[in-house]
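First comes the structure, then the notes that go with it.
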Amino acid sequence: MEQRTAQALIRFGLGRRGAEPLPTDPAAWLAGQLDGTDPACAGPSAADGLIAFRQDNADRRAIKQGDPTAPQPTRVRDMFRADALAMLDVALTTPTPFRERLVWFWANHFTVSLRRGEITAVALPFIREAIRPYVNGRFVDMLFAVMRHPAMLMYLDNASSIGPNSPAGLKQHRGLNENLARESLELHTVSPASGYTQRDVTEYAKILTGWSFEINYNPPQFLFRLNAHEPGPKTLMGQTFDHGAAGGIAALTWLADHPWTHRHLATKLVRHFVADDPAPADVARIERVLRDTKGNLKAASLELTRLQGAWQPLAKLRSPMEYVVAVLRALDLPADKRPDLNGVMGQMGQPFLNAPLPNGWPDTAADWAGGEAMLRRVDWAYGIAGRVAAADPDQLAADSLGPLLQQATIDQMRRAGSRRDAITLLFASPEFQRR
Amino acid sequence: MHINPIPLAPGLTRRAALLGLSAAFTLGRASLALAAAATERRFVVVILRGALDGMAAVVPYGDKDLATWRAEIVPPAPGQPNGLLDLGGFYGLHPALSGLHDMYKANELAPVHAVAGAYRSRSHFEAQDYMEFGAEQRMTSGWLNRVAAALPASGSETALAVGASVPVLLRGPTQVGTWLPQGGGHPEPDLYARIAALNAHDSITGPAIADGLKERGFSASVLAGTEQPGNRNAFPALAAAAGRLLAAKDGPRLAALEIGGWDTHTAQPGRLNGPLKQLDDGLVALKAGLGDAWSKTVVLTMTEFGRTVRNNGTKGTDHGTGTVAFVLGGDVAGGRVQANWPGLAQDRLFENRDLQPTADLRSVAKGLLKQHLGLTDAVLAKVFPDSASATAMHGLVRGVA
C-alpha cells in the first residue's frame, strides 16, 4: 500500500474495509466520490417520522383511556432503530467513505440531538434530507434545507417562536424564542468573530418567526405561519430584510455567503480533516474557494484534499465513532456479527446522535483523549478481538494500516501470547487511533 | 467450520446457575468448552496459551548445567524456604504447584518433560493452531472435535463453550455452543502494561493511557507483573464448573479448558506465580468437582512451545521449543516424571537456545486416547493425520500397556 493511499483511506475515509481493492490514484478516488447523488438517500422521510410520532401519541391516549386493543406506542422507536442500523451499515460498507465523512461533518455542524426526545422521529431523516443531498452542492442550499427541516425547527425551538406583534402573538400573549437564531449565527454561519450583537440575534429571531411545520398535515411538512410572523422589516448586522418568508430567505442567502461564514466553515473543515490547530494558510485557501465559488462545498472539499497539510503524517485522533467504525471496517464482520452501535457508542462516551449541546461533538484530541476514555477503547477492542479469534493479526495489521503500521506495534504483536492479545495491541496502537 | 453457535442470551441466568458462576463472573484469559459422548470415561485438555516455560514449572534442578543458563530465575532447591517441591531427586515442581505435588505423591500425576509438537515455529499463533489442529497443516476441525466424532454419540445436549469463541481444539462438525458472561472481561494487567508501553512515546495516547490506568488503581508493581491482582478466580471457577458438569450422569465427557498469562518475556519469577497458582487451584478444583468420576478421568495440559533455556536481560525468557506437559487423573500411572532428559550442556540445546524436545506431544495425546478412551490406531491416524512417526506413548495409564 502506498503512503498516499493509506492517507486517503484513513484521513479522508473511514479506514480500509478488510482487504478491499486499493484505489490506484488516491486523489482521483477522493474526487470521484463527490460526483453524482448520495447513494444512501433512501429511507423513511421526516413526514414518515412525524406520522409515526402522531400515531404513537394517539396510541398513548388510547392506552390511557383503557382501550385494550391499542398497540404499544413503539413506532418511532422501531423506525429509529432500523434506520440507525442502516446508517451503520452504510458506514461499514460504503464505497464512498470520503462522502460519508463529509455527511458526518455537516450533520455535526448542524447538530440535532436526541437529548430532545421528540427529535428521535426525525433525526435520521434530517441527515438524509437536509445534509446528504448537499455535501457536494451549495452551502446555501444545505442551510435552507436545515432551517426548514422539522428536526431543526423542533430541536432549537423555532417552531414555537412567535412574533410578539403578530396576530398570534397579540392573541396568545406569547413571544420570541431566540434559540435557533442565536445558534444559526454563532454555530452555523458567521460565528461570534463577526461581531454581531444581542440586537442582531433578536432581529434575526424576528426574521425567522413563522418558520415552523404542521404535524397534522398529510403529509406533515414545513409551514410558514404568516400569522405568527413579526410584522415589518428587520435589520440584521446592518442589512435590512423584508417582512414575510422572503425576508428569511434573503437573510439566509446573505448569511450563507458572508465572508465570516466562509472563514468559520473553512476553519472547521481544516480542523476536522487536517489538524487540531489549522494552519492559517490552509484555512485561507479553503476560505478563498468558498468565496470564489459562492459556497460550493464540492469545490471546498476537493481543495481540502489538495492541501499540503493533508498529506503530512496523520495527527488527528479518531473520535470514538470514527474509531469504532474503523475497527469494524478493518474486521469486515458480517452484518449479524456486528455489535449494537447504540450500546457501544454510549460506553465510549459518544452516544449515537446524542451530543449534549447544539455545538455538536468536539473535534480535537484534547476532547477525546481522557484516560478512562482511552481505556474504554482498549477494553472494547479486547472484547471484539475475542470474537474474531480466527483472524490473522499480521494480515489484519498490514491490510488496515499498510505503511502507517509502526515497527514497535509489529514487535509487540509478535510477542503477544494469543491472537486476541495481538489484535487488541493493533487496535490499541497509537497509529490506529489516528486519522 | 460447522459451528452453529447456540443463541444463549435468554438462558444466560440458567447457564450461569448451571455452571455455578456468579453474575459478576469475568473470564479474563480463561475459557471452557465441552462436548458430549456416550462413554463413562472423561477426558480434559487444558491449553496453556502463551507458552509455558516448562523448565520453570518442572525444574531439572539436578542438571549441573542449569545454573549456567538461568541462575537468576530458578527458585531455591527443595527443602529451603519457598523452595522447589521435590519430584524424586532430579526434578522439582515450582513452589506454586502444591496441589499438583499432592497428586504426584498420590501417584496421580506424571509430568512429561522435554516435549514439543511437530511444528518448529516460534510464532505463538501458528504454533497454537497446529497444536490444536493436531496436524502440520491447517484443518477444518481441531483434534478434540475429531475425538468427539469418533466416540459413540450420546443423547446429551450438554455441549457448550464459555468464552468469546470456541477454541480451535474443539471446533468442527460436532456442535459446540458459546456463552460469554456479560461484559466480556478486561485485559489482564500485563496486556495493559504492553499497551501502555506501546503508547508511551505518543504525545496524546501515551499520557492518556498512563493516567487512565492510574485512575483505575493499577500500581506500577501490578503493571510490572511483580504483583498479581487480576482475576485470580476465573480459571479455578471454570475448572470447578467443568468438573461438576463432567461428573453428572448425563453430562459431557470431553472438555477443553484454557488459561493464559504464560508469555513471560520479563520479570518471569514474579509473573509466573499467578498463572501457576491459578492452574494449580484449577486442577485441584477440577478434581474436587469430578468427585468419584476422577477415577475415570484423564487430564492433559499442553502449551504451544517452551521458552529459551537462558534467561534474557530482563529476567524473562523468550520463545523456545521443548517444554512440559502434565498428565493427571485417578487412573494415571503417576508418581514419576516421564522423560528422556536431553541435558542442558551447550551442545545438547536445540539451535543453541532451547530445550531439545525428546518426545512428541502427539505421542502423549495418542497414548492417552488409546489407553484411556480406547481409540484404535486407525481412528488415531484420523485424529492426528500424518503422525505415523509419533507413535502412542506407552504406560501413561495404570494397568494398560
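Chain labels follow the order of the C-alpha cells: the first chain is A, the next B, and so on; residue numbering restarts at 1 in every chain, and ligands are counted from 1 in their shown order.
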*Using only C-alpha atoms, which residues sit within 9 Å of segment 370-376 of chain A once same-chain residues fewer than 3 positions away are excluded, as number ranges by chain?*
A: 320, 347-349, 366-367, 379-381, 428; B: 192, 205, 207-216
Write out, as a PDB file, in the first residue's frame, the residues just selected, with C-alpha atoms.
ATOM      1  CA  PRO A 320     -14.910   7.276  19.316  1.00  0.00           C
ATOM      2  CA  GLN A 347     -19.920   3.051  26.538  1.00  0.00           C
ATOM      3  CA  MET A 348     -17.355   5.038  24.531  1.00  0.00           C
ATOM      4  CA  GLY A 349     -18.613   8.437  25.642  1.00  0.00           C
ATOM      5  CA  ALA A 366      -7.767  17.031  23.890  1.00  0.00           C
ATOM      6  CA  ASP A 367     -11.530  16.495  23.982  1.00  0.00           C
ATOM      7  CA  ASP A 379     -11.413  -2.657  26.639  1.00  0.00           C
ATOM      8  CA  TRP A 380     -13.835  -2.581  23.744  1.00  0.00           C
ATOM      9  CA  ALA A 381     -11.073  -3.613  21.345  1.00  0.00           C
ATOM     10  CA  ALA A 428      -4.724  -0.066  20.867  1.00  0.00           C
TER      11      ALA A 428
ATOM     12  CA  TYR B 192      -2.489  -3.263  29.756  1.00  0.00           C
ATOM     13  CA  THR B 205      -2.330   8.456  23.756  1.00  0.00           C
ATOM     14  CA  PRO B 207      -0.208  10.215  28.864  1.00  0.00           C
ATOM     15  CA  ALA B 208      -3.900   9.330  28.461  1.00  0.00           C
ATOM     16  CA  ILE B 209      -3.407   5.598  28.884  1.00  0.00           C
ATOM     17  CA  ALA B 210      -0.950   6.082  31.749  1.00  0.00           C
ATOM     18  CA  ASP B 211      -3.450   8.356  33.524  1.00  0.00           C
ATOM     19  CA  GLY B 212      -6.327   6.003  32.865  1.00  0.00           C
ATOM     20  CA  LEU B 213      -4.510   3.049  34.385  1.00  0.00           C
ATOM     21  CA  LYS B 214      -3.520   5.120  37.370  1.00  0.00           C
ATOM     22  CA  GLU B 215      -7.122   6.271  37.850  1.00  0.00           C
ATOM     23  CA  ARG B 216      -8.264   2.674  37.717  1.00  0.00           C
TER      24      ARG B 216
END
*Considering only C-alpha atoms, extract the chain A residues located within 8 Å of chain B and return them as an MDAnalysis selection string.*
chainID A and resid 365:366 369:375 379 382:383 386:389 408:409 412 414:419 421 425 428:430
Export N, CA and C atoms of the chosen residues as an mmCIF file, in the first residue's frame?
data_model
loop_
_atom_site.group_PDB
_atom_site.id
_atom_site.type_symbol
_atom_site.label_atom_id
_atom_site.label_comp_id
_atom_site.auth_asym_id
_atom_site.auth_seq_id
_atom_site.Cartn_x
_atom_site.Cartn_y
_atom_site.Cartn_z
ATOM 1 N N ALA A 365 -8.133 16.432 19.736
ATOM 2 C CA ALA A 365 -7.676 15.281 20.524
ATOM 3 C C ALA A 365 -7.894 15.511 22.010
ATOM 4 N N ALA A 366 -7.657 16.744 22.460
ATOM 5 C CA ALA A 366 -7.767 17.031 23.890
ATOM 6 C C ALA A 366 -9.156 16.679 24.414
ATOM 7 N N ALA A 369 -9.139 12.486 24.462
ATOM 8 C CA ALA A 369 -8.032 11.663 24.968
ATOM 9 C C ALA A 369 -7.981 11.630 26.490
ATOM 10 N N GLY A 370 -9.112 11.497 27.138
ATOM 11 C CA GLY A 370 -9.104 11.293 28.585
ATOM 12 C C GLY A 370 -8.588 9.899 28.904
ATOM 13 N N GLY A 371 -8.082 9.721 30.113
ATOM 14 C CA GLY A 371 -7.515 8.427 30.492
ATOM 15 C C GLY A 371 -8.545 7.312 30.419
ATOM 16 N N GLU A 372 -9.668 7.511 31.093
ATOM 17 C CA GLU A 372 -10.700 6.470 31.097
ATOM 18 C C GLU A 372 -11.264 6.261 29.683
ATOM 19 N N ALA A 373 -11.385 7.376 28.947
ATOM 20 C CA ALA A 373 -11.915 7.271 27.578
ATOM 21 C C ALA A 373 -11.014 6.376 26.722
ATOM 22 N N MET A 374 -9.701 6.555 26.850
ATOM 23 C CA MET A 374 -8.797 5.732 26.044
ATOM 24 C C MET A 374 -8.860 4.273 26.490
ATOM 25 N N LEU A 375 -8.967 4.045 27.801
ATOM 26 C CA LEU A 375 -9.036 2.657 28.273
ATOM 27 C C LEU A 375 -10.319 1.978 27.811
ATOM 28 N N ASP A 379 -10.566 -1.573 26.136
ATOM 29 C CA ASP A 379 -11.413 -2.657 26.639
ATOM 30 C C ASP A 379 -12.376 -3.150 25.557
ATOM 31 N N TYR A 382 -10.481 -5.176 23.120
ATOM 32 C CA TYR A 382 -10.202 -6.507 23.676
ATOM 33 C C TYR A 382 -11.441 -7.406 23.548
ATOM 34 N N GLY A 383 -12.602 -6.810 23.815
ATOM 35 C CA GLY A 383 -13.839 -7.578 23.692
ATOM 36 C C GLY A 383 -14.072 -8.055 22.271
ATOM 37 N N GLY A 386 -11.776 -10.771 21.010
ATOM 38 C CA GLY A 386 -12.113 -12.116 21.471
ATOM 39 C C GLY A 386 -13.132 -12.805 20.585
ATOM 40 N N ARG A 387 -13.838 -12.024 19.788
ATOM 41 C CA ARG A 387 -14.865 -12.607 18.930
ATOM 42 C C ARG A 387 -14.355 -12.928 17.534
ATOM 43 N N VAL A 388 -13.145 -12.537 17.262
ATOM 44 C CA VAL A 388 -12.609 -12.773 15.914
ATOM 45 C C VAL A 388 -11.316 -13.550 16.007
ATOM 46 N N ALA A 389 -11.325 -14.566 16.896
ATOM 47 C CA ALA A 389 -10.079 -15.253 17.223
ATOM 48 C C ALA A 389 -9.436 -15.926 16.014
ATOM 49 N N ALA A 408 7.277 -0.879 16.178
ATOM 50 C CA ALA A 408 7.050 -1.190 17.602
ATOM 51 C C ALA A 408 5.759 -1.988 17.783
ATOM 52 N N THR A 409 4.753 -1.658 16.969
ATOM 53 C CA THR A 409 3.482 -2.379 17.061
ATOM 54 C C THR A 409 3.628 -3.803 16.542
ATOM 55 N N GLN A 412 5.434 -5.796 19.230
ATOM 56 C CA GLN A 412 4.571 -6.135 20.372
ATOM 57 C C GLN A 412 3.542 -7.191 19.972
ATOM 58 N N ARG A 414 3.871 -9.504 17.684
ATOM 59 C CA ARG A 414 4.520 -10.811 17.509
ATOM 60 C C ARG A 414 4.806 -11.449 18.857
ATOM 61 N N ARG A 415 5.001 -10.612 19.869
ATOM 62 C CA ARG A 415 5.305 -11.144 21.194
ATOM 63 C C ARG A 415 4.055 -11.450 21.997
ATOM 64 N N ALA A 416 2.901 -11.138 21.459
ATOM 65 C CA ALA A 416 1.664 -11.377 22.198
ATOM 66 C C ALA A 416 1.416 -12.868 22.320
ATOM 67 N N GLY A 417 0.817 -13.258 23.441
ATOM 68 C CA GLY A 417 0.632 -14.680 23.722
ATOM 69 C C GLY A 417 -0.577 -15.300 23.060
ATOM 70 N N SER A 418 -1.426 -14.507 22.461
ATOM 71 C CA SER A 418 -2.592 -15.066 21.782
ATOM 72 C C SER A 418 -2.973 -14.130 20.652
ATOM 73 N N ARG A 419 -3.745 -14.671 19.705
ATOM 74 C CA ARG A 419 -4.259 -13.819 18.627
ATOM 75 C C ARG A 419 -5.064 -12.663 19.210
ATOM 76 N N ASP A 421 -4.795 -11.140 22.071
ATOM 77 C CA ASP A 421 -3.931 -10.083 22.601
ATOM 78 C C ASP A 421 -3.291 -9.290 21.459
ATOM 79 N N LEU A 425 -3.654 -5.343 20.706
ATOM 80 C CA LEU A 425 -2.500 -4.437 20.592
ATOM 81 C C LEU A 425 -2.573 -3.610 19.314
ATOM 82 N N ALA A 428 -5.106 -0.987 19.794
ATOM 83 C CA ALA A 428 -4.724 -0.066 20.867
ATOM 84 C C ALA A 428 -3.419 0.655 20.553
ATOM 85 N N SER A 429 -2.904 0.467 19.337
ATOM 86 C CA SER A 429 -1.641 1.135 18.985
ATOM 87 C C SER A 429 -1.905 2.603 18.686
ATOM 88 N N PRO A 430 -0.891 3.452 18.888
ATOM 89 C CA PRO A 430 -1.106 4.876 18.608
ATOM 90 C C PRO A 430 -1.507 5.136 17.159
#
Can you list, as an mmCIF file with C-alpha atoms, in the first residue's frame, every residue of segment 219-357 of chain B that DSSP puts in strand (DSSP E)?
data_model
loop_
_atom_site.group_PDB
_atom_site.id
_atom_site.type_symbol
_atom_site.label_atom_id
_atom_site.label_comp_id
_atom_site.auth_asym_id
_atom_site.auth_seq_id
_atom_site.Cartn_x
_atom_site.Cartn_y
_atom_site.Cartn_z
ATOM 1 C CA LEU B 254 -14.842 -34.068 26.817
ATOM 2 C CA ALA B 255 -13.645 -30.657 27.941
ATOM 3 C CA ALA B 256 -11.194 -28.056 26.674
ATOM 4 C CA LEU B 257 -10.110 -25.508 29.259
ATOM 5 C CA GLU B 258 -7.710 -22.703 28.620
ATOM 6 C CA ILE B 259 -5.708 -20.333 30.741
ATOM 7 C CA GLY B 260 -3.341 -17.578 29.573
ATOM 8 C CA THR B 297 -10.747 -39.065 34.184
ATOM 9 C CA VAL B 298 -7.523 -38.147 32.453
ATOM 10 C CA VAL B 299 -6.326 -34.561 32.122
ATOM 11 C CA LEU B 300 -3.645 -33.362 29.696
ATOM 12 C CA THR B 301 -2.141 -29.874 29.888
ATOM 13 C CA MET B 302 -0.346 -28.620 26.806
ATOM 14 C CA THR B 303 1.275 -25.432 25.633
ATOM 15 C CA THR B 323 8.565 -27.824 27.455
ATOM 16 C CA VAL B 324 6.460 -29.859 29.869
ATOM 17 C CA ALA B 325 3.008 -31.447 29.614
ATOM 18 C CA PHE B 326 1.155 -32.622 32.700
ATOM 19 C CA VAL B 327 -0.822 -35.857 32.645
ATOM 20 C CA LEU B 328 -3.056 -36.354 35.678
#
Fewer than 3 positions away in the same chain doesn't count, so skip those; otherwise give me all residues within 8 Å of Leu290 of chain A, counting only C-alpha atoms, as a PDB file with C-alpha atoms, in the first residue's frame.
ATOM      1  CA  HIS A 262     -16.620  31.261   4.777  1.00  0.00           C
ATOM      2  CA  ALA A 266     -13.033  26.828   6.332  1.00  0.00           C
ATOM      3  CA  ILE A 286     -10.451  26.923   1.644  1.00  0.00           C
ATOM      4  CA  GLU A 287     -11.963  30.294   2.513  1.00  0.00           C
ATOM      5  CA  THR A 293     -17.428  29.591  -5.859  1.00  0.00           C
ATOM      6  CA  LYS A 294     -20.191  31.168  -3.753  1.00  0.00           C
ATOM      7  CA  GLY A 295     -20.093  28.385  -1.180  1.00  0.00           C
ATOM      8  CA  ASN A 296     -19.618  25.373  -3.435  1.00  0.00           C
ATOM      9  CA  LEU A 297     -18.963  22.564  -0.947  1.00  0.00           C
ATOM     10  CA  ALA A 299     -15.013  22.592  -4.606  1.00  0.00           C
ATOM     11  CA  ALA A 300     -14.083  23.288  -0.984  1.00  0.00           C
TER      12      ALA A 300
END
_Using Å and a single decimal, report how far atom CA of Arg16 of chain A sits from atom CA of Pro334 of chain A._
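Separation of atom CA of Pro334 of chain A and atom CA of Arg16 of chain A: 15.4 Å.
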*Contacts of segment 59-75 of chain B at 10 Å or less, counting only C-alpha atoms, minus same-chain residues fewer than 4 places along, as a ChimeraX atom specification?*
/B:53-55,80-87,89-95,113,267-270,308-312,315-317,324,341,343-346,353
*asked:* List as a PyMOL selection string the protein and nucleic acid residues near segment 145-159 of chain A, meaning an atom at most 7 Å away when only C-alpha atoms are counted, but skip any in the same chain fewer than 6 places from it.
replied: chain A and resi 112+116+119+122-123+126+130+177+179-180+211-213+222
Selection file, all heavy atoms, as a CSV table (one decimal), in the first residue's frame:
chain,number,residue,atom,x,y,z
A,112,VAL,N,-28.5,18.1,15.5
A,112,VAL,CA,-29.7,17.9,16.2
A,112,VAL,C,-29.5,16.7,17.1
A,112,VAL,O,-28.8,15.8,16.7
A,112,VAL,CB,-30.9,17.7,15.3
A,112,VAL,CG1,-31.2,18.8,14.4
A,112,VAL,CG2,-30.7,16.4,14.5
A,116,ARG,N,-33.2,15.9,23.0
A,116,ARG,CA,-34.6,16.3,22.9
A,116,ARG,C,-35.3,15.1,22.3
A,116,ARG,O,-35.3,14.8,21.1
A,116,ARG,CB,-34.8,17.5,21.9
A,116,ARG,CG,-34.3,18.8,22.5
A,116,ARG,CD,-35.3,19.4,23.6
A,116,ARG,NE,-36.6,19.7,23.0
A,116,ARG,CZ,-36.9,20.9,22.5
A,116,ARG,NH1,-36.1,21.9,22.6
A,116,ARG,NH2,-38.1,21.1,21.9
A,119,ILE,N,-37.1,14.5,18.9
A,119,ILE,CA,-36.2,14.5,17.7
A,119,ILE,C,-36.1,13.1,17.1
A,119,ILE,O,-35.8,13.0,15.9
A,119,ILE,CB,-34.8,15.1,18.1
A,119,ILE,CG1,-35.0,16.5,18.6
A,119,ILE,CG2,-33.9,15.1,16.9
A,119,ILE,CD1,-35.4,17.5,17.6
A,122,VAL,N,-37.4,12.3,13.7
A,122,VAL,CA,-36.9,13.0,12.5
A,122,VAL,C,-35.4,13.2,12.4
A,122,VAL,O,-34.9,13.7,11.4
A,122,VAL,CB,-37.6,14.4,12.4
A,122,VAL,CG1,-39.1,14.2,12.0
A,122,VAL,CG2,-37.5,15.2,13.7
A,123,ALA,N,-34.6,12.7,13.4
A,123,ALA,CA,-33.2,12.9,13.4
A,123,ALA,C,-32.5,12.3,12.2
A,123,ALA,O,-31.6,13.0,11.5
A,123,ALA,CB,-32.5,12.5,14.7
A,126,PHE,N,-33.5,13.8,9.0
A,126,PHE,CA,-32.8,15.1,8.8
A,126,PHE,C,-31.5,15.0,8.1
A,126,PHE,O,-31.2,15.7,7.1
A,126,PHE,CB,-32.6,15.7,10.2
A,126,PHE,CG,-31.7,16.9,10.3
A,126,PHE,CD1,-32.2,18.2,9.9
A,126,PHE,CD2,-30.4,16.9,10.7
A,126,PHE,CE1,-31.4,19.3,10.0
A,126,PHE,CE2,-29.6,18.0,10.7
A,126,PHE,CZ,-30.1,19.2,10.4
A,130,ALA,N,-31.6,16.9,4.7
A,130,ALA,CA,-31.1,18.2,4.8
A,130,ALA,C,-29.5,18.2,4.6
A,130,ALA,O,-29.0,19.3,4.3
A,130,ALA,CB,-31.4,18.9,6.1
A,177,ASN,N,-38.7,33.1,20.6
A,177,ASN,CA,-37.7,32.2,21.1
A,177,ASN,C,-36.5,32.3,20.2
A,177,ASN,O,-36.5,32.1,19.0
A,177,ASN,CB,-38.3,30.7,21.0
A,177,ASN,CG,-37.3,29.8,21.7
A,177,ASN,OD1,-36.1,29.8,21.5
A,177,ASN,ND2,-37.8,28.9,22.5
A,179,ASN,N,-33.6,30.8,20.3
A,179,ASN,CA,-32.7,29.7,20.3
A,179,ASN,C,-32.1,29.5,18.9
A,179,ASN,O,-30.8,29.5,18.7
A,179,ASN,CB,-33.4,28.5,20.8
A,179,ASN,CG,-32.4,27.5,21.4
A,179,ASN,OD1,-31.2,27.7,21.4
A,179,ASN,ND2,-32.9,26.4,21.9
A,180,LEU,N,-32.9,29.2,17.9
A,180,LEU,CA,-32.4,28.9,16.6
A,180,LEU,C,-31.6,30.1,16.0
A,180,LEU,O,-30.6,29.9,15.4
A,180,LEU,CB,-33.5,28.5,15.6
A,180,LEU,CG,-33.1,28.2,14.2
A,180,LEU,CD1,-32.1,27.1,14.1
A,180,LEU,CD2,-34.3,27.9,13.3
A,211,TRP,N,-41.4,30.4,10.8
A,211,TRP,CA,-40.8,29.2,10.2
A,211,TRP,C,-41.1,28.1,11.1
A,211,TRP,O,-40.5,27.9,12.2
A,211,TRP,CB,-39.3,29.4,10.1
A,211,TRP,CG,-38.9,30.4,9.0
A,211,TRP,CD1,-39.4,31.7,8.8
A,211,TRP,CD2,-38.0,30.2,7.9
A,211,TRP,NE1,-38.9,32.3,7.7
A,211,TRP,CE2,-38.0,31.4,7.1
A,211,TRP,CE3,-37.2,29.1,7.5
A,211,TRP,CZ2,-37.2,31.5,5.9
A,211,TRP,CZ3,-36.4,29.3,6.3
A,211,TRP,CH2,-36.4,30.4,5.5
A,212,SER,N,-42.0,27.2,10.7
A,212,SER,CA,-42.5,26.1,11.5
A,212,SER,C,-42.9,24.9,10.6
A,212,SER,O,-42.5,24.9,9.5
A,212,SER,CB,-43.7,26.7,12.3
A,212,SER,OG,-44.2,25.7,13.2
A,213,PHE,N,-43.6,24.0,11.2
A,213,PHE,CA,-44.1,22.8,10.4
A,213,PHE,C,-45.4,22.4,11.0
A,213,PHE,O,-45.8,22.8,12.1
A,213,PHE,CB,-43.1,21.7,10.4
A,213,PHE,CG,-42.9,21.0,11.8
A,213,PHE,CD1,-43.6,19.9,12.1
A,213,PHE,CD2,-42.0,21.6,12.7
A,213,PHE,CE1,-43.4,19.3,13.4
A,213,PHE,CE2,-41.9,21.0,13.9
A,213,PHE,CZ,-42.6,19.9,14.3
A,222,PHE,N,-43.1,21.4,6.3
A,222,PHE,CA,-42.7,22.8,6.6
A,222,PHE,C,-43.9,23.7,6.3
A,222,PHE,O,-44.6,23.5,5.4
A,222,PHE,CB,-41.5,23.2,5.8
A,222,PHE,CG,-41.2,24.7,6.0
A,222,PHE,CD1,-40.5,25.1,7.1
A,222,PHE,CD2,-41.6,25.6,5.0
A,222,PHE,CE1,-40.2,26.5,7.3
A,222,PHE,CE2,-41.3,27.0,5.2
A,222,PHE,CZ,-40.6,27.4,6.3
*asked:* Using only C-alpha atoms for the distances, tell me which of A:His258, A:Arg99, A:Arg174, A:Arg435 is nearest to Gln312 of chain A.
replied: A:Arg435
Leu404 of chain A surroundings by only C-alpha atoms, 10 Å radius, close-in-sequence under 3 positions cut, as a PDB file with N, CA and C atoms, in the first residue's frame:
ATOM      1  N   MET A   1       0.850  -1.205   0.000  1.00  0.00           N
ATOM      2  CA  MET A   1       0.000   0.000   0.000  1.00  0.00           C
ATOM      3  C   MET A   1       0.880   1.246   0.000  1.00  0.00           C
ATOM      4  N   GLU A   2       0.587   2.167  -0.917  1.00  0.00           N
ATOM      5  CA  GLU A   2       1.347   3.411  -0.980  1.00  0.00           C
ATOM      6  C   GLU A   2       0.974   4.307   0.207  1.00  0.00           C
ATOM      7  N   GLN A   3       1.929   5.140   0.602  1.00  0.00           N
ATOM      8  CA  GLN A   3       1.685   6.081   1.700  1.00  0.00           C
ATOM      9  C   GLN A   3       0.446   6.940   1.427  1.00  0.00           C
ATOM     10  N   ALA A   6      -2.826   5.039   1.831  1.00  0.00           N
ATOM     11  CA  ALA A   6      -3.189   4.842   3.235  1.00  0.00           C
ATOM     12  C   ALA A   6      -3.742   6.134   3.823  1.00  0.00           C
ATOM     13  N   GLN A   7      -3.096   7.241   3.478  1.00  0.00           N
ATOM     14  CA  GLN A   7      -3.545   8.547   3.999  1.00  0.00           C
ATOM     15  C   GLN A   7      -4.961   8.869   3.513  1.00  0.00           C
ATOM     16  N   ILE A  10      -7.541   6.738   5.297  1.00  0.00           N
ATOM     17  CA  ILE A  10      -7.692   6.934   6.741  1.00  0.00           C
ATOM     18  C   ILE A  10      -7.994   8.389   7.089  1.00  0.00           C
ATOM     19  N   PRO A 313       2.081  13.546   8.016  1.00  0.00           N
ATOM     20  CA  PRO A 313       1.718  12.400   8.870  1.00  0.00           C
ATOM     21  C   PRO A 313       0.407  12.655   9.618  1.00  0.00           C
ATOM     22  N   LEU A 314      -0.365  11.596   9.788  1.00  0.00           N
ATOM     23  CA  LEU A 314      -1.669  11.725  10.425  1.00  0.00           C
ATOM     24  C   LEU A 314      -1.520  12.227  11.855  1.00  0.00           C
ATOM     25  N   ALA A 397      -3.193  -6.275  10.420  1.00  0.00           N
ATOM     26  CA  ALA A 397      -2.411  -5.053  10.632  1.00  0.00           C
ATOM     27  C   ALA A 397      -1.939  -4.489   9.299  1.00  0.00           C
ATOM     28  N   ALA A 398      -1.422  -5.364   8.449  1.00  0.00           N
ATOM     29  CA  ALA A 398      -0.907  -4.908   7.156  1.00  0.00           C
ATOM     30  C   ALA A 398      -2.034  -4.382   6.276  1.00  0.00           C
ATOM     31  N   SER A 400      -4.957  -3.132   7.206  1.00  0.00           N
ATOM     32  CA  SER A 400      -5.669  -1.949   7.675  1.00  0.00           C
ATOM     33  C   SER A 400      -4.784  -0.711   7.736  1.00  0.00           C
ATOM     34  N   LEU A 401      -3.495  -0.880   8.022  1.00  0.00           N
ATOM     35  CA  LEU A 401      -2.636   0.294   8.200  1.00  0.00           C
ATOM     36  C   LEU A 401      -1.559   0.436   7.123  1.00  0.00           C
ATOM     37  N   GLN A 407       6.917  -0.279  13.466  1.00  0.00           N
ATOM     38  CA  GLN A 407       7.668  -1.479  13.832  1.00  0.00           C
ATOM     39  C   GLN A 407       7.403  -1.872  15.287  1.00  0.00           C
ATOM     40  N   GLU A 431      -0.940   4.387  16.216  1.00  0.00           N
ATOM     41  CA  GLU A 431      -1.248   4.665  14.806  1.00  0.00           C
ATOM     42  C   GLU A 431      -2.688   4.305  14.450  1.00  0.00           C
ATOM     43  N   PHE A 432      -3.274   3.324  15.155  1.00  0.00           N
ATOM     44  CA  PHE A 432      -4.660   3.001  14.826  1.00  0.00           C
ATOM     45  C   PHE A 432      -5.623   4.053  15.370  1.00  0.00           C
ATOM     46  N   ARG A 434      -5.173   7.159  14.987  1.00  0.00           N
ATOM     47  CA  ARG A 434      -5.036   8.369  14.175  1.00  0.00           C
ATOM     48  C   ARG A 434      -5.826   8.296  12.879  1.00  0.00           C
TER      49      ARG A 434
END
*Between atom CA of Ala237 of chain B and atom CA of Val364 of chain B - distance in Å to one decimal*: 27.1 Å
*Using only C-alpha atoms, which of the listed residues (A:Asp56, A:Asp336, A:Asp89, A:Asp411) sits closest to Arg75 of chain A?*
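Once distances to Arg75 of chain A are computed over only C-alpha atoms, the minimum belongs to A:Asp56.
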*Find, counting only C-alpha atoms, the residue in B:Leu34, B:Ala118, B:Ala388, B:Leu380 that gets nearest to Gly322 of chain B.*
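Ranked by minimum distance to Gly322 of chain B, first place goes to B:Ala118.
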_Just list as a PyMOL selection string whatever in segment 241-317 of chain B DSSP marks as alpha helix (DSSP H)._
chain B and resi 241-247+268-290
*Computed interatomic separation between atom CA of Gln433 of chain A and atom CA of Thr364 of chain A (Å)*: 12.8 Å
*asked:* Set the distance at 12 Å and use only C-alpha atoms: which residues neighbour segment 42-44 of chain A once local chain neighbours fewer than 6 positions away are removed? I'd like the list as JSON, numbers by chain.
replied: {"A": [50, 51, 52, 76, 78, 79, 80, 81, 82, 83, 84, 85, 86, 87, 90, 121, 122, 123, 124, 125, 126, 127, 128, 129, 132, 133]}
